[in-house]
Amino acid sequence: MTRNGHQDELKRWNLPQPADCHSSLASKATVSSSQTDIFSAMRTVRFTWPLPWQSADYCERQISDSELAAGTFTPPDAEFPGLPGVYTRLRAEMAWAIDPEHPLPTFLHESYKANIETWTLSVADPADELAGIEETRNSLTELVEYRKRTLPGSFLVSAVMTSTDQTNSTLRIWGRCVMAHPA
């Protein structure tokens with residue numbers, strides 16, 4: 001989408017060769033729907049899958065807007081480094097949790113489901129912010145390790161991230177990460 005809300009799309013125009021020098025090319029321009037599909041705008045997306053040691057690997061590839069809108073995608077090339085099969089698109093909030101500085105639409109292998117694990121802590125004294133961040137990070141890491149032990153095949157898709165929000169009288173510290181487990 002562009003900032004005006006219109007879809008970017010490249011079109012290849014089929015221009016017939018004029019029979020003589022007096023023909024107007026503009027009046028004879030046509031576009032084929034199959035050519036429009038072939039040359040639609042491409043978007044960079046992230047594909048992720050598990051590694052044997054309970055972590056994730058990923059790659060970034062280009063797919064068309066129509067493939068992105070479909071919500072599922074089967075990587076066609078034999079050189080795709082991930083698991084073969086269908087990948088399903090994760091919710092947009094998960095893309096932000098995976099990489100807040102570079103959020104991309106993210107697809108996870110269909111044999112897994114993903115969720116956001118969170119941990120929240122409130123501190124009254126702003127001087128305790130760093131200690132609160134460390135406590136939040138440690139608590140969330142313990143929760144992730146517990147999930148890995150109790151849900152075989154689970155893996156962490158993102159790093160553990162923390163952020164802070166100032167409320168009326170307290171500082172709220174949010175910890176979050178994305179975990180995947182077998183469907």
# chains A, B, ... in the order shown; residues from 1 in each chain; ligands from 1
>>> residues_around(residues="Pro75 of chain A", least_positions_apart="3", cutoff="12 Å", atoms="only C-alpha atoms", output="VMD selection string")
chain A and resid 45 to 48 59 to 63 67 72 78 to 88 107 to 109
>>> residues_around(residues="segment 93-95 of chain A", least_positions_apart="2", cutoff="12 Å", atoms="only C-alpha atoms", output="PyMOL selection string")
chain A and resi 45-48+89-91+97-108+113-118+157-159+176-180
>>> atom_distance(atom1="atom CA of Asp128 of chain A", atom2="atom CA of Thr141 of chain A")
19.8 Å
>>> closest_residue(among="A:Tyr58, A:Ala124, A:Pro182, A:Ile173", to="Lys148 of chain A", atoms="only C-alpha atoms")
A:Pro182
>>> residues_around(residues="Thr167 of chain A", least_positions_apart="5", cutoff="12 Å", atoms="only C-alpha atoms", output="PyMOL selection string")
chain A and resi 122-126+172-173
>>> write_last_selection(atoms="C-alpha atoms", output="tab-separated table (two decimals), in the first residue's frame")
chain	number	residue	atom	x	y	z
A	122	SER	CA	4.96	-2.17	37.87
A	123	VAL	CA	7.52	-0.17	39.84
A	124	ALA	CA	6.69	2.89	41.88
A	125	ASP	CA	10.15	4.44	41.95
A	126	PRO	CA	11.74	5.40	38.60
A	172	ARG	CA	5.00	-0.27	33.92
A	173	ILE	CA	7.56	-2.62	32.38
>>> decode(residues="segment 55-134 of chain A", atoms="C-alpha atoms", output="PDB file, in the first residue's frame")
ATOM      1  CA  SER A  55      15.364 -22.076  18.415  1.00  0.00           C
ATOM      2  CA  ALA A  56      14.261 -20.599  15.114  1.00  0.00           C
ATOM      3  CA  ASP A  57      15.815 -19.809  11.794  1.00  0.00           C
ATOM      4  CA  TYR A  58      14.381 -17.538   9.166  1.00  0.00           C
ATOM      5  CA  CYS A  59      14.909 -16.086   5.731  1.00  0.00           C
ATOM      6  CA  GLU A  60      13.487 -13.100   3.905  1.00  0.00           C
ATOM      7  CA  ARG A  61      11.972 -13.459   0.456  1.00  0.00           C
ATOM      8  CA  GLN A  62       9.886 -11.445  -2.005  1.00  0.00           C
ATOM      9  CA  ILE A  63       6.261 -12.439  -2.642  1.00  0.00           C
ATOM     10  CA  SER A  64       3.464 -10.672  -4.503  1.00  0.00           C
ATOM     11  CA  ASP A  65       0.713  -8.650  -2.866  1.00  0.00           C
ATOM     12  CA  SER A  66      -1.878 -11.262  -3.838  1.00  0.00           C
ATOM     13  CA  GLU A  67       0.191 -14.034  -2.233  1.00  0.00           C
ATOM     14  CA  LEU A  68       0.596 -11.902   0.882  1.00  0.00           C
ATOM     15  CA  ALA A  69      -3.149 -11.252   1.041  1.00  0.00           C
ATOM     16  CA  ALA A  70      -3.897 -14.983   0.734  1.00  0.00           C
ATOM     17  CA  GLY A  71      -2.381 -15.578   4.176  1.00  0.00           C
ATOM     18  CA  THR A  72      -0.688 -18.837   3.198  1.00  0.00           C
ATOM     19  CA  PHE A  73       2.272 -19.455   0.945  1.00  0.00           C
ATOM     20  CA  THR A  74       4.167 -22.488  -0.311  1.00  0.00           C
ATOM     21  CA  PRO A  75       7.761 -21.558  -1.216  1.00  0.00           C
ATOM     22  CA  PRO A  76       8.266 -22.928  -4.737  1.00  0.00           C
ATOM     23  CA  ASP A  77      11.998 -23.136  -5.167  1.00  0.00           C
ATOM     24  CA  ALA A  78      14.117 -26.131  -4.203  1.00  0.00           C
ATOM     25  CA  GLU A  79      16.751 -23.770  -2.749  1.00  0.00           C
ATOM     26  CA  PHE A  80      14.387 -22.567   0.012  1.00  0.00           C
ATOM     27  CA  PRO A  81      16.343 -23.204   3.239  1.00  0.00           C
ATOM     28  CA  GLY A  82      13.332 -23.935   5.488  1.00  0.00           C
ATOM     29  CA  LEU A  83      11.006 -26.855   5.987  1.00  0.00           C
ATOM     30  CA  PRO A  84       9.081 -27.803   2.843  1.00  0.00           C
ATOM     31  CA  GLY A  85       5.350 -27.224   2.901  1.00  0.00           C
ATOM     32  CA  VAL A  86       2.832 -24.474   3.504  1.00  0.00           C
ATOM     33  CA  TYR A  87       3.551 -21.411   5.647  1.00  0.00           C
ATOM     34  CA  THR A  88       0.783 -19.368   7.285  1.00  0.00           C
ATOM     35  CA  ARG A  89       0.926 -15.664   8.037  1.00  0.00           C
ATOM     36  CA  LEU A  90       1.184 -14.556  11.657  1.00  0.00           C
ATOM     37  CA  ARG A  91      -0.790 -11.620  13.057  1.00  0.00           C
ATOM     38  CA  ALA A  92       0.818  -8.200  12.503  1.00  0.00           C
ATOM     39  CA  GLU A  93       1.417  -7.687  16.239  1.00  0.00           C
ATOM     40  CA  MET A  94       3.708 -10.727  16.180  1.00  0.00           C
ATOM     41  CA  ALA A  95       5.821  -9.199  13.408  1.00  0.00           C
ATOM     42  CA  TRP A  96       6.323  -6.150  15.657  1.00  0.00           C
ATOM     43  CA  ALA A  97       7.232  -8.403  18.596  1.00  0.00           C
ATOM     44  CA  ILE A  98       9.712 -10.381  16.479  1.00  0.00           C
ATOM     45  CA  ASP A  99      11.590  -7.344  15.217  1.00  0.00           C
ATOM     46  CA  PRO A 100      10.252  -3.933  16.277  1.00  0.00           C
ATOM     47  CA  GLU A 101      12.839  -2.041  14.231  1.00  0.00           C
ATOM     48  CA  HIS A 102      12.223  -4.018  11.046  1.00  0.00           C
ATOM     49  CA  PRO A 103       8.709  -5.546  11.208  1.00  0.00           C
ATOM     50  CA  LEU A 104       7.914  -7.652   8.191  1.00  0.00           C
ATOM     51  CA  PRO A 105       4.910  -9.835   7.491  1.00  0.00           C
ATOM     52  CA  THR A 106       5.980 -13.171   8.968  1.00  0.00           C
ATOM     53  CA  PHE A 107       5.015 -16.670   7.885  1.00  0.00           C
ATOM     54  CA  LEU A 108       5.391 -19.712  10.149  1.00  0.00           C
ATOM     55  CA  HIS A 109       5.405 -23.322   8.966  1.00  0.00           C
ATOM     56  CA  GLU A 110       1.863 -24.729   9.073  1.00  0.00           C
ATOM     57  CA  SER A 111       2.766 -27.464  11.545  1.00  0.00           C
ATOM     58  CA  TYR A 112       3.274 -24.796  14.265  1.00  0.00           C
ATOM     59  CA  LYS A 113       1.138 -22.218  16.039  1.00  0.00           C
ATOM     60  CA  ALA A 114       2.562 -19.027  17.556  1.00  0.00           C
ATOM     61  CA  ASN A 115       1.604 -16.865  20.507  1.00  0.00           C
ATOM     62  CA  ILE A 116       3.013 -13.869  22.323  1.00  0.00           C
ATOM     63  CA  GLU A 117       4.246 -14.560  25.839  1.00  0.00           C
ATOM     64  CA  THR A 118       4.151 -11.492  28.086  1.00  0.00           C
ATOM     65  CA  TRP A 119       5.253 -10.480  31.554  1.00  0.00           C
ATOM     66  CA  THR A 120       4.322  -7.176  33.210  1.00  0.00           C
ATOM     67  CA  LEU A 121       5.819  -5.510  36.265  1.00  0.00           C
ATOM     68  CA  SER A 122       4.961  -2.170  37.875  1.00  0.00           C
ATOM     69  CA  VAL A 123       7.523  -0.174  39.837  1.00  0.00           C
ATOM     70  CA  ALA A 124       6.694   2.894  41.880  1.00  0.00           C
ATOM     71  CA  ASP A 125      10.152   4.438  41.949  1.00  0.00           C
ATOM     72  CA  PRO A 126      11.742   5.399  38.596  1.00  0.00           C
ATOM     73  CA  ALA A 127      15.130   4.658  40.178  1.00  0.00           C
ATOM     74  CA  ASP A 128      14.106   0.962  40.178  1.00  0.00           C
ATOM     75  CA  GLU A 129      13.584   0.906  36.406  1.00  0.00           C
ATOM     76  CA  LEU A 130      16.775  -1.003  35.513  1.00  0.00           C
ATOM     77  CA  ALA A 131      16.215  -3.566  38.266  1.00  0.00           C
ATOM     78  CA  GLY A 132      12.601  -3.935  37.079  1.00  0.00           C
ATOM     79  CA  ILE A 133      13.678  -4.475  33.480  1.00  0.00           C
ATOM     80  CA  GLU A 134      16.114  -7.182  34.596  1.00  0.00           C
TER      81      GLU A 134
END
